>>> print(open('work_23.cif').read())   # mmCIF, C-alpha atoms and all ligand atoms
data_upload
#
loop_
_atom_site.label_atom_id
_atom_site.label_comp_id
_atom_site.auth_asym_id
_atom_site.auth_seq_id
_atom_site.Cartn_x
_atom_site.Cartn_y
_atom_site.Cartn_z
CA MET A 1 0.00 0.00 0.00
CA PRO A 2 1.56 3.39 -0.95
CA GLU A 3 2.20 5.77 1.95
CA ALA A 4 0.20 8.96 2.32
CA GLN A 5 1.37 12.30 0.90
CA ILE A 6 2.70 14.49 3.72
CA ILE A 7 1.21 17.97 3.48
CA ASP A 8 4.01 20.51 4.02
CA GLY A 9 2.33 23.24 6.10
CA LYS A 10 5.60 25.09 6.57
CA ALA A 11 6.15 25.45 2.80
CA ILE A 12 2.52 26.41 2.10
CA ALA A 13 2.60 28.98 4.94
CA GLU A 14 5.71 30.49 3.38
CA THR A 15 3.95 30.97 0.02
CA VAL A 16 1.04 32.68 1.83
CA ARG A 17 3.38 34.99 3.75
CA GLU A 18 5.25 35.84 0.52
CA GLU A 19 1.97 36.83 -1.16
CA ILE A 20 1.00 38.98 1.83
CA THR A 21 4.43 40.64 1.81
CA ARG A 22 3.88 41.57 -1.88
CA ARG A 23 0.37 42.89 -1.20
CA ALA A 24 1.50 44.88 1.87
CA ALA A 25 4.29 46.49 -0.18
CA ALA A 26 1.75 47.47 -2.86
CA LEU A 27 -0.53 48.96 -0.18
CA LEU A 28 2.34 51.01 1.24
CA GLU A 29 3.24 52.21 -2.25
CA THR A 30 -0.30 53.27 -3.20
CA SER A 31 -1.66 54.57 0.12
CA GLY A 32 1.37 55.12 2.37
CA VAL A 33 -0.14 52.81 5.01
CA ARG A 34 1.57 49.88 6.71
CA PRO A 35 -0.83 47.28 8.19
CA GLY A 36 -0.45 47.51 11.98
CA LEU A 37 -0.74 44.47 14.28
CA ALA A 38 -0.79 44.63 18.09
CA VAL A 39 -0.30 41.39 20.02
CA VAL A 40 -1.02 41.34 23.75
CA LEU A 41 0.53 38.67 25.99
CA VAL A 42 -0.42 38.47 29.66
CA GLY A 43 1.80 36.22 31.79
CA GLU A 44 4.84 34.07 31.20
CA ASP A 45 3.48 30.85 29.65
CA PRO A 46 6.53 29.58 27.68
CA ALA A 47 4.53 28.25 24.69
CA SER A 48 2.56 31.51 24.42
CA GLN A 49 5.84 33.47 24.56
CA VAL A 50 7.11 31.48 21.55
CA TYR A 51 3.86 31.95 19.57
CA VAL A 52 3.79 35.70 20.27
CA ARG A 53 7.44 36.11 19.30
CA ASN A 54 6.76 34.23 16.05
CA LYS A 55 3.71 36.40 15.29
CA ASP A 56 5.72 39.57 15.90
CA ARG A 57 8.56 38.32 13.65
CA ALA A 58 6.16 37.23 10.89
CA ALA A 59 4.45 40.64 10.95
CA GLU A 60 7.78 42.45 10.65
CA ALA A 61 8.88 40.13 7.83
CA CYS A 62 5.65 40.97 5.95
CA GLY A 63 6.50 44.68 6.27
CA PHE A 64 3.79 45.39 8.86
CA HIS A 65 3.99 47.78 11.78
CA SER A 66 4.17 45.32 14.71
CA LEU A 67 3.53 46.17 18.36
CA LYS A 68 4.02 43.65 21.17
CA HIS A 69 2.59 44.31 24.65
CA THR A 70 3.92 41.93 27.29
CA LEU A 71 2.18 42.28 30.65
CA PRO A 72 2.93 40.46 33.93
CA ALA A 73 0.63 37.58 34.97
CA GLU A 74 -0.80 39.62 37.87
CA THR A 75 -2.04 42.45 35.58
CA SER A 76 -5.64 43.28 36.51
CA GLU A 77 -8.54 42.67 34.14
CA ALA A 78 -9.24 46.41 34.17
CA ASP A 79 -5.71 47.15 32.91
CA VAL A 80 -6.02 44.61 30.07
CA LEU A 81 -9.39 46.10 29.09
CA SER A 82 -7.95 49.59 29.15
CA LEU A 83 -5.08 48.52 26.86
CA VAL A 84 -7.55 46.96 24.39
CA ASP A 85 -9.58 50.16 24.47
CA LYS A 86 -6.45 52.18 23.69
CA LEU A 87 -5.57 49.89 20.76
CA ASN A 88 -9.17 50.07 19.47
CA ASN A 89 -8.66 53.82 19.11
CA ASP A 90 -5.12 53.74 17.71
CA PRO A 91 -5.31 54.63 13.97
CA ASP A 92 -1.95 52.91 13.28
CA ILE A 93 -3.27 49.57 14.56
CA HIS A 94 -5.57 47.59 12.25
CA GLY A 95 -5.39 44.22 14.00
CA ILE A 96 -5.53 43.35 17.70
CA LEU A 97 -4.81 39.89 19.09
CA VAL A 98 -4.87 38.87 22.74
CA GLN A 99 -2.92 35.65 23.16
CA LEU A 100 -4.88 32.83 24.83
CA PRO A 101 -5.07 31.40 27.41
CA LEU A 102 -5.29 34.41 29.74
CA PRO A 103 -4.53 34.03 33.47
CA GLY A 104 -7.52 32.67 35.44
CA HIS A 105 -8.50 35.97 37.11
CA ILE A 106 -9.21 37.61 33.72
CA ASP A 107 -12.56 37.00 32.00
CA GLU A 108 -11.49 35.93 28.49
CA SER A 109 -14.86 36.57 26.93
CA LYS A 110 -15.05 40.11 28.37
CA VAL A 111 -11.67 40.94 26.82
CA LEU A 112 -12.47 39.39 23.42
CA ARG A 113 -15.83 41.17 23.24
CA LEU A 114 -14.18 44.56 23.79
CA ILE A 115 -11.96 44.25 20.69
CA ARG A 116 -13.51 46.20 17.78
CA PRO A 117 -14.87 43.52 15.40
CA GLU A 118 -13.13 45.29 12.48
CA LYS A 119 -9.77 44.85 14.28
CA ASP A 120 -10.49 41.33 15.61
CA VAL A 121 -7.86 39.47 13.56
CA ASP A 122 -8.42 36.31 15.64
CA GLY A 123 -12.07 36.21 14.51
CA PHE A 124 -13.25 35.43 18.04
CA HIS A 125 -15.63 38.41 18.55
CA PRO A 126 -19.34 37.40 18.49
CA VAL A 127 -19.89 39.66 15.44
CA ASN A 128 -17.30 37.72 13.41
CA VAL A 129 -18.51 34.38 14.80
CA GLY A 130 -22.06 35.35 13.76
CA LEU A 131 -21.05 36.42 10.24
CA LEU A 132 -19.16 33.17 9.66
CA THR A 133 -21.99 31.04 11.04
CA ALA A 134 -24.52 32.93 8.90
CA GLY A 135 -22.54 32.03 5.78
CA GLU A 136 -21.15 35.55 5.32
CA ARG A 137 -17.51 34.52 5.41
CA ALA A 138 -16.54 37.23 2.94
CA SER A 139 -17.44 40.02 5.43
CA ALA A 140 -16.06 38.28 8.52
CA LEU A 141 -12.58 37.91 9.94
CA VAL A 142 -12.19 34.11 10.08
CA PRO A 143 -10.26 32.41 12.94
CA CYS A 144 -6.70 31.73 11.80
CA THR A 145 -6.36 28.01 12.52
CA PRO A 146 -9.50 26.84 10.68
CA ALA A 147 -8.75 29.25 7.82
CA GLY A 148 -5.27 27.71 7.60
CA CYS A 149 -6.77 24.18 7.57
CA LEU A 150 -9.00 25.19 4.65
CA VAL A 151 -6.00 26.50 2.69
CA LEU A 152 -4.18 23.20 3.31
CA LEU A 153 -7.22 21.23 2.13
CA LYS A 154 -7.61 23.30 -1.05
CA ARG A 155 -3.91 23.13 -1.89
CA THR A 156 -4.11 19.34 -1.49
CA LEU A 157 -7.50 18.48 -3.01
CA GLY A 158 -8.14 21.44 -5.30
CA ASP A 159 -10.52 24.37 -4.91
CA THR A 160 -13.72 22.33 -4.95
CA LEU A 161 -14.53 20.39 -1.80
CA ALA A 162 -18.27 20.13 -2.56
CA GLY A 163 -19.87 16.82 -1.65
CA GLN A 164 -16.92 15.59 0.45
CA ASN A 165 -17.83 13.88 3.70
CA ALA A 166 -15.96 15.89 6.36
CA VAL A 167 -15.68 14.90 10.02
CA VAL A 168 -14.40 17.52 12.47
CA VAL A 169 -13.38 15.89 15.75
CA GLY A 170 -13.63 18.55 18.48
CA ARG A 171 -16.19 21.27 19.15
CA SER A 172 -14.14 24.20 20.47
CA ASN A 173 -15.06 27.79 19.62
CA ILE A 174 -11.53 28.43 18.32
CA VAL A 175 -11.24 25.48 15.92
CA GLY A 176 -14.02 22.86 15.78
CA LYS A 177 -17.09 25.07 15.33
CA PRO A 178 -15.59 27.61 12.86
CA MET A 179 -13.97 24.74 10.89
CA ALA A 180 -17.36 23.08 10.54
CA SER A 181 -18.90 26.38 9.34
CA LEU A 182 -16.15 26.83 6.73
CA LEU A 183 -16.53 23.27 5.42
CA LEU A 184 -20.30 23.65 5.27
CA GLN A 185 -19.84 26.80 3.16
CA GLU A 186 -17.67 24.72 0.84
CA SER A 187 -20.71 22.40 0.47
CA CYS A 188 -19.14 19.51 2.34
CA THR A 189 -21.38 17.14 4.32
CA VAL A 190 -20.16 17.98 7.81
CA THR A 191 -20.25 16.01 11.05
CA ILE A 192 -18.95 17.48 14.29
CA ALA A 193 -17.82 14.59 16.48
CA HIS A 194 -16.62 14.81 20.09
CA SER A 195 -15.89 12.82 23.25
CA ARG A 196 -19.57 11.79 23.62
CA THR A 197 -19.99 10.68 19.99
CA ARG A 198 -21.02 7.02 19.80
CA ASN A 199 -18.84 4.70 17.67
CA LEU A 200 -16.30 7.49 17.08
CA PRO A 201 -13.83 5.25 15.15
CA ASP A 202 -16.61 4.28 12.71
CA VAL A 203 -17.72 7.91 12.28
CA VAL A 204 -14.13 8.94 11.49
CA ARG A 205 -13.63 5.94 9.18
CA ALA A 206 -16.51 7.14 6.96
CA ALA A 207 -14.87 10.53 6.30
CA ASP A 208 -13.16 11.74 3.12
CA ILE A 209 -11.74 14.64 5.18
CA VAL A 210 -10.81 14.36 8.87
CA VAL A 211 -9.96 17.47 10.90
CA ALA A 212 -8.65 16.39 14.30
CA ALA A 213 -8.91 19.12 16.93
CA VAL A 214 -9.33 17.31 20.23
CA GLY A 215 -6.18 18.36 22.07
CA ARG A 216 -5.30 14.81 23.24
CA PRO A 217 -2.10 13.13 22.04
CA GLN A 218 -2.60 10.48 19.32
CA ILE A 219 -6.17 9.80 20.43
CA ILE A 220 -7.23 9.09 16.83
CA GLY A 221 -5.88 5.67 15.87
CA GLY A 222 -4.35 5.15 12.44
CA ASP A 223 -6.90 2.43 11.69
CA TRP A 224 -9.72 4.95 12.26
CA ILE A 225 -8.70 6.65 9.02
CA GLY A 226 -10.58 5.55 5.90
CA GLN A 227 -8.47 4.47 2.91
CA GLY A 228 -7.30 7.53 0.99
CA ALA A 229 -8.81 10.12 3.38
CA THR A 230 -7.21 13.56 3.83
CA VAL A 231 -6.22 14.18 7.46
CA ILE A 232 -5.63 17.63 8.95
CA ASP A 233 -4.18 17.31 12.45
CA VAL A 234 -4.66 20.47 14.53
CA GLY A 235 -3.38 18.97 17.82
CA ILE A 236 -0.06 20.16 19.24
CA ASN A 237 0.68 18.01 22.29
CA ARG A 238 3.98 17.74 24.12
CA ILE A 239 4.73 14.21 25.36
CA PRO A 240 7.75 12.73 27.18
CA ALA A 241 10.43 11.37 24.83
CA PRO A 242 12.85 9.38 27.03
CA GLU A 243 14.34 7.87 23.81
CA ARG A 244 15.78 11.37 23.13
CA GLY A 245 17.42 11.53 26.54
CA GLU A 246 16.43 12.11 30.14
CA GLY A 247 13.72 14.75 30.63
CA LYS A 248 13.30 15.26 26.85
CA SER A 249 9.93 15.72 25.15
CA ARG A 250 8.51 15.90 21.64
CA LEU A 251 5.42 17.26 19.90
CA VAL A 252 2.72 14.99 18.54
CA GLY A 253 -0.71 15.61 17.06
CA ASP A 254 -4.11 14.17 17.92
CA VAL A 255 -3.65 11.46 15.27
CA ALA A 256 -1.35 8.43 15.54
CA PHE A 257 0.71 9.69 12.59
CA GLU A 258 2.89 6.66 11.72
CA GLU A 259 -0.09 4.26 11.66
CA ALA A 260 -2.27 6.78 9.83
CA LEU A 261 0.31 7.03 7.01
CA GLU A 262 -0.73 3.54 5.90
CA HIS A 263 -4.39 4.52 5.51
CA ALA A 264 -4.59 8.23 4.61
CA GLY A 265 -4.20 9.67 1.12
CA ALA A 266 -2.63 12.82 2.57
CA ILE A 267 -1.88 13.98 6.12
CA THR A 268 -0.38 16.98 7.92
CA PRO A 269 2.58 16.36 10.24
CA VAL A 270 3.06 17.83 13.74
CA PRO A 271 5.09 19.97 13.91
CA GLY A 272 5.18 21.55 10.46
CA GLY A 273 1.53 21.20 9.48
CA VAL A 274 -1.29 23.40 10.76
CA GLY A 275 0.81 25.43 13.28
CA PRO A 276 2.73 27.55 10.72
CA MET A 277 -0.53 28.17 8.82
CA THR A 278 -2.10 29.74 11.95
CA ILE A 279 0.53 32.47 11.89
CA ALA A 280 0.37 32.93 8.09
CA MET A 281 -3.41 33.40 8.24
CA LEU A 282 -2.98 36.01 10.98
CA MET A 283 -0.99 38.01 8.42
CA VAL A 284 -3.81 37.54 5.88
CA ASN A 285 -6.39 38.78 8.42
CA THR A 286 -4.29 41.79 9.42
CA LEU A 287 -3.94 42.93 5.81
CA THR A 288 -7.68 42.34 5.22
CA ALA A 289 -8.54 44.37 8.35
CA ALA A 290 -6.26 47.22 7.26
CA ARG A 291 -7.79 47.39 3.77
CA ARG A 292 -11.34 47.35 5.16
CA LEU A 293 -10.56 50.08 7.69
CA LEU A 294 -9.16 52.15 4.81
CA ASN A 295 -12.32 51.44 2.74
CA LEU A 296 -10.25 49.79 0.00
CA GLN A 297 -11.53 47.12 -2.35
CA GLU A 298 -11.26 43.49 -1.22
CA GLU A 299 -8.42 41.56 -2.87
CA ASP A 300 -8.59 37.99 -4.23
CA PRO A 301 -9.23 35.80 -1.19
CA LEU A 302 -6.47 33.30 -0.52
CA PHE A 303 -8.96 30.61 0.52
N1 LIG A 401 -5.29 34.52 20.49
C1 LIG A 401 -4.97 33.27 20.13
N2 LIG A 401 -4.48 32.43 21.03
C2 LIG A 401 -4.17 31.14 20.65
C3 LIG A 401 -4.34 30.73 19.31
C4 LIG A 401 -4.86 31.66 18.37
O1 LIG A 401 -5.07 31.34 17.16
N3 LIG A 401 -5.16 32.91 18.83
N4 LIG A 401 -3.91 29.47 18.91
C5 LIG A 401 -3.10 28.65 19.80
C6 LIG A 401 -1.61 28.87 19.73
N5 LIG A 401 -1.04 29.38 18.47
C7 LIG A 401 -1.25 30.67 18.14
O2 LIG A 401 -1.47 31.52 18.94
C8 LIG A 401 -0.09 28.61 17.72
C9 LIG A 401 0.24 27.32 18.06
C10 LIG A 401 1.24 26.63 17.36
C11 LIG A 401 1.92 27.22 16.31
C12 LIG A 401 3.04 26.54 15.59
O3 LIG A 401 3.57 27.08 14.66
N6 LIG A 401 3.44 25.35 16.03
C13 LIG A 401 4.58 24.68 15.47
C14 LIG A 401 5.34 24.01 16.61
C15 LIG A 401 5.88 25.03 17.58
C16 LIG A 401 6.66 24.40 18.72
O4 LIG A 401 7.75 23.89 18.45
O5 LIG A 401 6.17 24.48 19.86
C17 LIG A 401 4.13 23.62 14.47
O6 LIG A 401 3.02 23.08 14.64
O7 LIG A 401 4.90 23.35 13.56
C18 LIG A 401 1.57 28.51 15.96
C19 LIG A 401 0.59 29.20 16.66
C20 LIG A 401 -3.51 28.90 21.26
N7 LIG A 401 -3.67 30.29 21.55
#
>>> encode(input="work_23.cif", output="structure tokens")
Amino acid sequence: MPEAQIIDGKAIAETVREEITRRAAALLETSGVRPGLAVVLVGEDPASQVYVRNKDRAAEACGFHSLKHTLPAETSEADVLSLVDKLNNDPDIHGILVQLPLPGHIDESKVLRLIRPEKDVDGFHPVNVGLLTAGERASALVPCTPAGCLVLLKRTLGDTLAGQNAVVVGRSNIVGKPMASLLLQESCTVTIAHSRTRNLPDVVRAADIVVAAVGRPQIIGGDWIGQGATVIDVGINRIPAPERGEGKSRLVGDVAFEEALEHAGAITPVPGGVGPMTIAMLMVNTLTAARRLLNLQEEDPLF
């Protein structure tokens, strides 16, 4: 049996960032405006620190104006809200992102709801969630991870996904639900499966497209994957790797990758699959937000 194609998320993300760099340069040339992105990090979570640093670097590499606010873990909710309010009113900032998770004493939903929907480059504000759910993707800002998964699917399967049987495993607001909305708008037949789904392996086995977004290491067995299915693994889980030395760890997805290679037609690796696309799509959203705030015409969508 031939092994699955490995979908190179890193390479595809690079092509997206290159296109955004070109478009940002053209915007600067014609209107004198640099897209501005502000990223807010509260606390010292090491993984979040890496993601925020990478977002800041990607924004600079695209030629954006990039602002990073790093606040101590004990910052009050009122101070975070006041910073968001300031960024909402800053004309040089077109995109605002508050890195999640926030420390426990801060009400995440209160912070996300304060971000102006037009600057909500994470797509988490109820206005953007509503537009996407209502099928008005073209006017929304779409959450970066599901948008990145859709780009990976289209680059692998072609632009038409209509009629494909898609199973999204996971029902989070950040990935599972918006992913299902996007696939539905592509005229896929969509099932959202989760921990309470009966006969989960059989449900997954029936899918042409599997999006795994559970957040549990290798929970989806390789033999759950139907022959020739396309698998997009959103999970990024750190597990102990004693074979690499004492105290060492490694990243794995939600899918048992090695076993799945024997069944899938194509599959994303972890790392190097969906993760880099999340950051590339943040650049797409920031440029889109800037153009809309400047009342400029929409460009060709990248997905
Ligand atoms: N405000 C937000 N918070 C969080 C989001 C988000 O989209 N918006 N998503 C995740 C974390 N995340 C971005 O913030 C993210 C996670 C992983 C990667 C990535 O490139 N991963 C690499 C591996 C990196 C490593 O070695 O640890 C990969 O998969 O190749 C990018 C972004 C939660 N919070």
>>> closest_atom_pairs(input="work_23.cif", of="range 6-34 of chain A", to="range 261-283 of chain A", cutoff="7 Å", atoms="all atoms listed in the file", output="CSV")
residue,atom,partner,partner_atom,distance
A:Ile6,CA,A:Ile267,CA,5.2
A:Ile7,CA,A:Thr268,CA,4.8
A:Asp8,CA,A:Gly273,CA,6.0
A:Gly9,CA,A:Gly273,CA,4.0
A:Lys10,CA,A:Gly272,CA,5.3
A:Ala13,CA,A:Met277,CA,5.1
A:Val16,CA,A:Ala280,CA,6.3
A:Arg17,CA,A:Ala280,CA,5.7
A:Ile20,CA,A:Met283,CA,7.0
>>> residues_around(input="work_23.cif", residues="range 87-90 of chain A", least_positions_apart="4", cutoff="9 Å", atoms="all atoms listed in the file", output="list in words")
Ala38, Ser82, Leu83, His94, Gly95, Ile96, Leu114, Ile115, Arg116 and Lys119 of chain A
>>> residues_around(input="work_23.cif", residues="Gly226 in chain A", least_positions_apart="5", cutoff="12 Å", atoms="only C-alpha atoms", output="list in words")
Ala4, Asn165, Ala166, Val167, Pro201, Asp202, Val203, Val204, Arg205, Ala206, Ala207, Asp208, Ile209, Val210, Ile220, Gly221, Val231, Ala260, Leu261, Glu262, His263, Ala264, Gly265 and Ala266 of chain A
>>> residues_around(input="work_23.cif", residues="Glu298 in chain A", least_positions_apart="4", cutoff="12 Å", atoms="all atoms listed in the file", output="list in words")
Arg23, Ala138, Ser139, Val284, Asn285, Leu287, Thr288, Ala289, Ala290, Arg291, Arg292, Leu293, Leu294 and Leu302 of chain A
>>> residues_around(input="work_23.cif", residues="range 244-259 of chain A", least_positions_apart="3", cutoff="7 Å", atoms="only C-alpha atoms", output="MDAnalysis selection string")
chainID A and resid 212:222 233:241 262 270:271
>>> residues_around(input="work_23.cif", residues="Val40 in chain A", least_positions_apart="2", cutoff="12 Å", atoms="all atoms listed in the file", output="VMD selection string")
chain A and resid 37 to 38 42 to 44 48 to 49 51 to 53 55 to 56 66 to 73 75 79 to 81 83 to 84 87 95 to 102 111 to 112 115
>>> closest_residue(input="work_23.cif", among="A:Leu153, A:Met179, A:Leu161, A:Asn199", to="Arg137 in chain A", atoms="only C-alpha atoms")
A:Met179
>>> axis_aligned_box(input="work_23.cif", around="ligand LIG 401 (chain A)", padding_each_side="6 Å", output="JSON")
{"center_x": 1.2, "center_y": 28.8, "center_z": 17.6, "size_x": 25.0, "size_y": 23.4, "size_z": 20.0}
>>> closest_residue(input="work_23.cif", among="A:Gln164, A:Asn54, A:Asn295, A:Ser109", to="ligand LIG 401 (chain A)", atoms="all atoms listed in the file")
A:Asn54
>>> residues_near_point(input="work_23.cif", point="(0.6, 51.0, 5.3)", cutoff="9 Å", atoms="all atoms listed in the file", output="list of chain:residue names")
A:Ala24, A:Ala25, A:Ala26, A:Leu27, A:Leu28, A:Glu29, A:Thr30, A:Ser31, A:Gly32, A:Val33, A:Arg34, A:Pro35, A:Gly36, A:Gly63, A:Phe64, A:His65, A:Asp92, A:Ala290
>>> closest_residue(input="work_23.cif", among="A:Val39, A:Val129, A:Ala147, A:Val121", to="Pro301 in chain A", atoms="only C-alpha atoms")
A:Ala147
>>> closest_residue(input="work_23.cif", among="A:Glu186, A:Glu118, A:Glu3, A:Glu18", to="Ala59 in chain A", atoms="only C-alpha atoms")
A:Glu18
>>> closest_residue(input="work_23.cif", among="A:Gly135, A:Gly148, A:Pro2, A:Gly163", to="ligand LIG 401 (chain A)", atoms="all atoms listed in the file")
A:Gly148
>>> atom_distance(input="work_23.cif", atom1="CA of Ala11 in chain A", atom2="CA of Thr230 in chain A")
17.9 Å
>>> closest_residue(input="work_23.cif", among="A:Leu296, A:Val211, A:Ile225, A:Leu41", to="Leu152 in chain A", atoms="only C-alpha atoms")
A:Val211
>>> atom_distance(input="work_23.cif", atom1="CA of Pro117 in chain A", atom2="CA of Pro91 in chain A")
14.7 Å
>>> build_atoms(input="work_23.cif", residues="range 153-182 of chain A", atoms="N, CA and C atoms", output="PDB file, keeping the file's coordinate frame")
ATOM      1  N   LEU A 153      -6.328  22.167   2.838  1.00  0.00           N
ATOM      2  CA  LEU A 153      -7.220  21.230   2.130  1.00  0.00           C
ATOM      3  C   LEU A 153      -7.310  21.584   0.650  1.00  0.00           C
ATOM      4  N   LYS A 154      -7.459  22.900   0.368  1.00  0.00           N
ATOM      5  CA  LYS A 154      -7.610  23.300  -1.050  1.00  0.00           C
ATOM      6  C   LYS A 154      -6.322  23.101  -1.830  1.00  0.00           C
ATOM      7  N   ARG A 155      -5.180  23.360  -1.173  1.00  0.00           N
ATOM      8  CA  ARG A 155      -3.910  23.130  -1.890  1.00  0.00           C
ATOM      9  C   ARG A 155      -3.679  21.637  -2.145  1.00  0.00           C
ATOM     10  N   THR A 156      -4.313  20.789  -1.334  1.00  0.00           N
ATOM     11  CA  THR A 156      -4.110  19.340  -1.490  1.00  0.00           C
ATOM     12  C   THR A 156      -5.142  18.723  -2.437  1.00  0.00           C
ATOM     13  N   LEU A 157      -6.413  19.149  -2.282  1.00  0.00           N
ATOM     14  CA  LEU A 157      -7.500  18.480  -3.010  1.00  0.00           C
ATOM     15  C   LEU A 157      -8.036  19.291  -4.177  1.00  0.00           C
ATOM     16  N   GLY A 158      -7.588  20.555  -4.278  1.00  0.00           N
ATOM     17  CA  GLY A 158      -8.140  21.440  -5.300  1.00  0.00           C
ATOM     18  C   GLY A 158      -9.199  22.340  -4.679  1.00  0.00           C
ATOM     19  N   ASP A 159      -9.655  23.327  -5.468  1.00  0.00           N
ATOM     20  CA  ASP A 159     -10.520  24.370  -4.910  1.00  0.00           C
ATOM     21  C   ASP A 159     -11.930  23.891  -4.577  1.00  0.00           C
ATOM     22  N   THR A 160     -12.347  22.772  -5.188  1.00  0.00           N
ATOM     23  CA  THR A 160     -13.720  22.330  -4.950  1.00  0.00           C
ATOM     24  C   THR A 160     -13.767  21.168  -3.960  1.00  0.00           C
ATOM     25  N   LEU A 161     -14.403  21.444  -2.821  1.00  0.00           N
ATOM     26  CA  LEU A 161     -14.530  20.390  -1.800  1.00  0.00           C
ATOM     27  C   LEU A 161     -15.969  19.892  -1.729  1.00  0.00           C
ATOM     28  N   ALA A 162     -16.831  20.430  -2.610  1.00  0.00           N
ATOM     29  CA  ALA A 162     -18.270  20.130  -2.560  1.00  0.00           C
ATOM     30  C   ALA A 162     -18.529  18.627  -2.566  1.00  0.00           C
ATOM     31  N   GLY A 163     -19.434  18.212  -1.683  1.00  0.00           N
ATOM     32  CA  GLY A 163     -19.870  16.820  -1.650  1.00  0.00           C
ATOM     33  C   GLY A 163     -18.973  15.906  -0.809  1.00  0.00           C
ATOM     34  N   GLN A 164     -17.819  16.435  -0.362  1.00  0.00           N
ATOM     35  CA  GLN A 164     -16.920  15.590   0.450  1.00  0.00           C
ATOM     36  C   GLN A 164     -17.553  15.378   1.835  1.00  0.00           C
ATOM     37  N   ASN A 165     -17.324  14.205   2.366  1.00  0.00           N
ATOM     38  CA  ASN A 165     -17.830  13.880   3.700  1.00  0.00           C
ATOM     39  C   ASN A 165     -16.751  14.277   4.721  1.00  0.00           C
ATOM     40  N   ALA A 166     -16.991  15.373   5.445  1.00  0.00           N
ATOM     41  CA  ALA A 166     -15.960  15.890   6.360  1.00  0.00           C
ATOM     42  C   ALA A 166     -16.363  15.623   7.807  1.00  0.00           C
ATOM     43  N   VAL A 167     -15.436  15.096   8.582  1.00  0.00           N
ATOM     44  CA  VAL A 167     -15.680  14.900  10.020  1.00  0.00           C
ATOM     45  C   VAL A 167     -14.688  15.764  10.788  1.00  0.00           C
ATOM     46  N   VAL A 168     -15.224  16.676  11.609  1.00  0.00           N
ATOM     47  CA  VAL A 168     -14.400  17.520  12.470  1.00  0.00           C
ATOM     48  C   VAL A 168     -14.483  16.902  13.864  1.00  0.00           C
ATOM     49  N   VAL A 169     -13.352  16.484  14.415  1.00  0.00           N
ATOM     50  CA  VAL A 169     -13.380  15.890  15.750  1.00  0.00           C
ATOM     51  C   VAL A 169     -12.951  16.980  16.738  1.00  0.00           C
ATOM     52  N   GLY A 170     -13.884  17.447  17.547  1.00  0.00           N
ATOM     53  CA  GLY A 170     -13.630  18.550  18.480  1.00  0.00           C
ATOM     54  C   GLY A 170     -14.638  19.660  18.231  1.00  0.00           C
ATOM     55  N   ARG A 171     -15.121  20.268  19.306  1.00  0.00           N
ATOM     56  CA  ARG A 171     -16.190  21.270  19.150  1.00  0.00           C
ATOM     57  C   ARG A 171     -15.844  22.595  19.830  1.00  0.00           C
ATOM     58  N   SER A 172     -14.544  22.947  19.831  1.00  0.00           N
ATOM     59  CA  SER A 172     -14.140  24.200  20.470  1.00  0.00           C
ATOM     60  C   SER A 172     -14.600  25.405  19.649  1.00  0.00           C
ATOM     61  N   ASN A 173     -14.695  26.554  20.334  1.00  0.00           N
ATOM     62  CA  ASN A 173     -15.060  27.790  19.620  1.00  0.00           C
ATOM     63  C   ASN A 173     -13.939  28.265  18.718  1.00  0.00           C
ATOM     64  N   ILE A 174     -12.701  27.925  19.074  1.00  0.00           N
ATOM     65  CA  ILE A 174     -11.530  28.430  18.320  1.00  0.00           C
ATOM     66  C   ILE A 174     -11.299  27.622  17.051  1.00  0.00           C
ATOM     67  N   VAL A 175     -11.532  26.314  17.095  1.00  0.00           N
ATOM     68  CA  VAL A 175     -11.240  25.480  15.920  1.00  0.00           C
ATOM     69  C   VAL A 175     -12.463  24.689  15.428  1.00  0.00           C
ATOM     70  N   GLY A 176     -13.004  23.821  16.246  1.00  0.00           N
ATOM     71  CA  GLY A 176     -14.020  22.860  15.780  1.00  0.00           C
ATOM     72  C   GLY A 176     -15.222  23.529  15.132  1.00  0.00           C
ATOM     73  N   LYS A 177     -15.856  24.457  15.865  1.00  0.00           N
ATOM     74  CA  LYS A 177     -17.090  25.070  15.330  1.00  0.00           C
ATOM     75  C   LYS A 177     -16.823  25.917  14.078  1.00  0.00           C
ATOM     76  N   PRO A 178     -15.817  26.843  14.100  1.00  0.00           N
ATOM     77  CA  PRO A 178     -15.590  27.610  12.860  1.00  0.00           C
ATOM     78  C   PRO A 178     -15.140  26.727  11.693  1.00  0.00           C
ATOM     79  N   MET A 179     -14.396  25.656  11.979  1.00  0.00           N
ATOM     80  CA  MET A 179     -13.970  24.740  10.890  1.00  0.00           C
ATOM     81  C   MET A 179     -15.190  24.114  10.245  1.00  0.00           C
ATOM     82  N   ALA A 180     -16.149  23.693  11.069  1.00  0.00           N
ATOM     83  CA  ALA A 180     -17.360  23.080  10.540  1.00  0.00           C
ATOM     84  C   ALA A 180     -18.126  24.087   9.673  1.00  0.00           C
ATOM     85  N   SER A 181     -18.207  25.351  10.129  1.00  0.00           N
ATOM     86  CA  SER A 181     -18.900  26.380   9.340  1.00  0.00           C
ATOM     87  C   SER A 181     -18.221  26.573   7.987  1.00  0.00           C
ATOM     88  N   LEU A 182     -16.887  26.636   7.998  1.00  0.00           N
ATOM     89  CA  LEU A 182     -16.150  26.830   6.730  1.00  0.00           C
ATOM     90  C   LEU A 182     -16.395  25.669   5.770  1.00  0.00           C
TER      91      LEU A 182
END
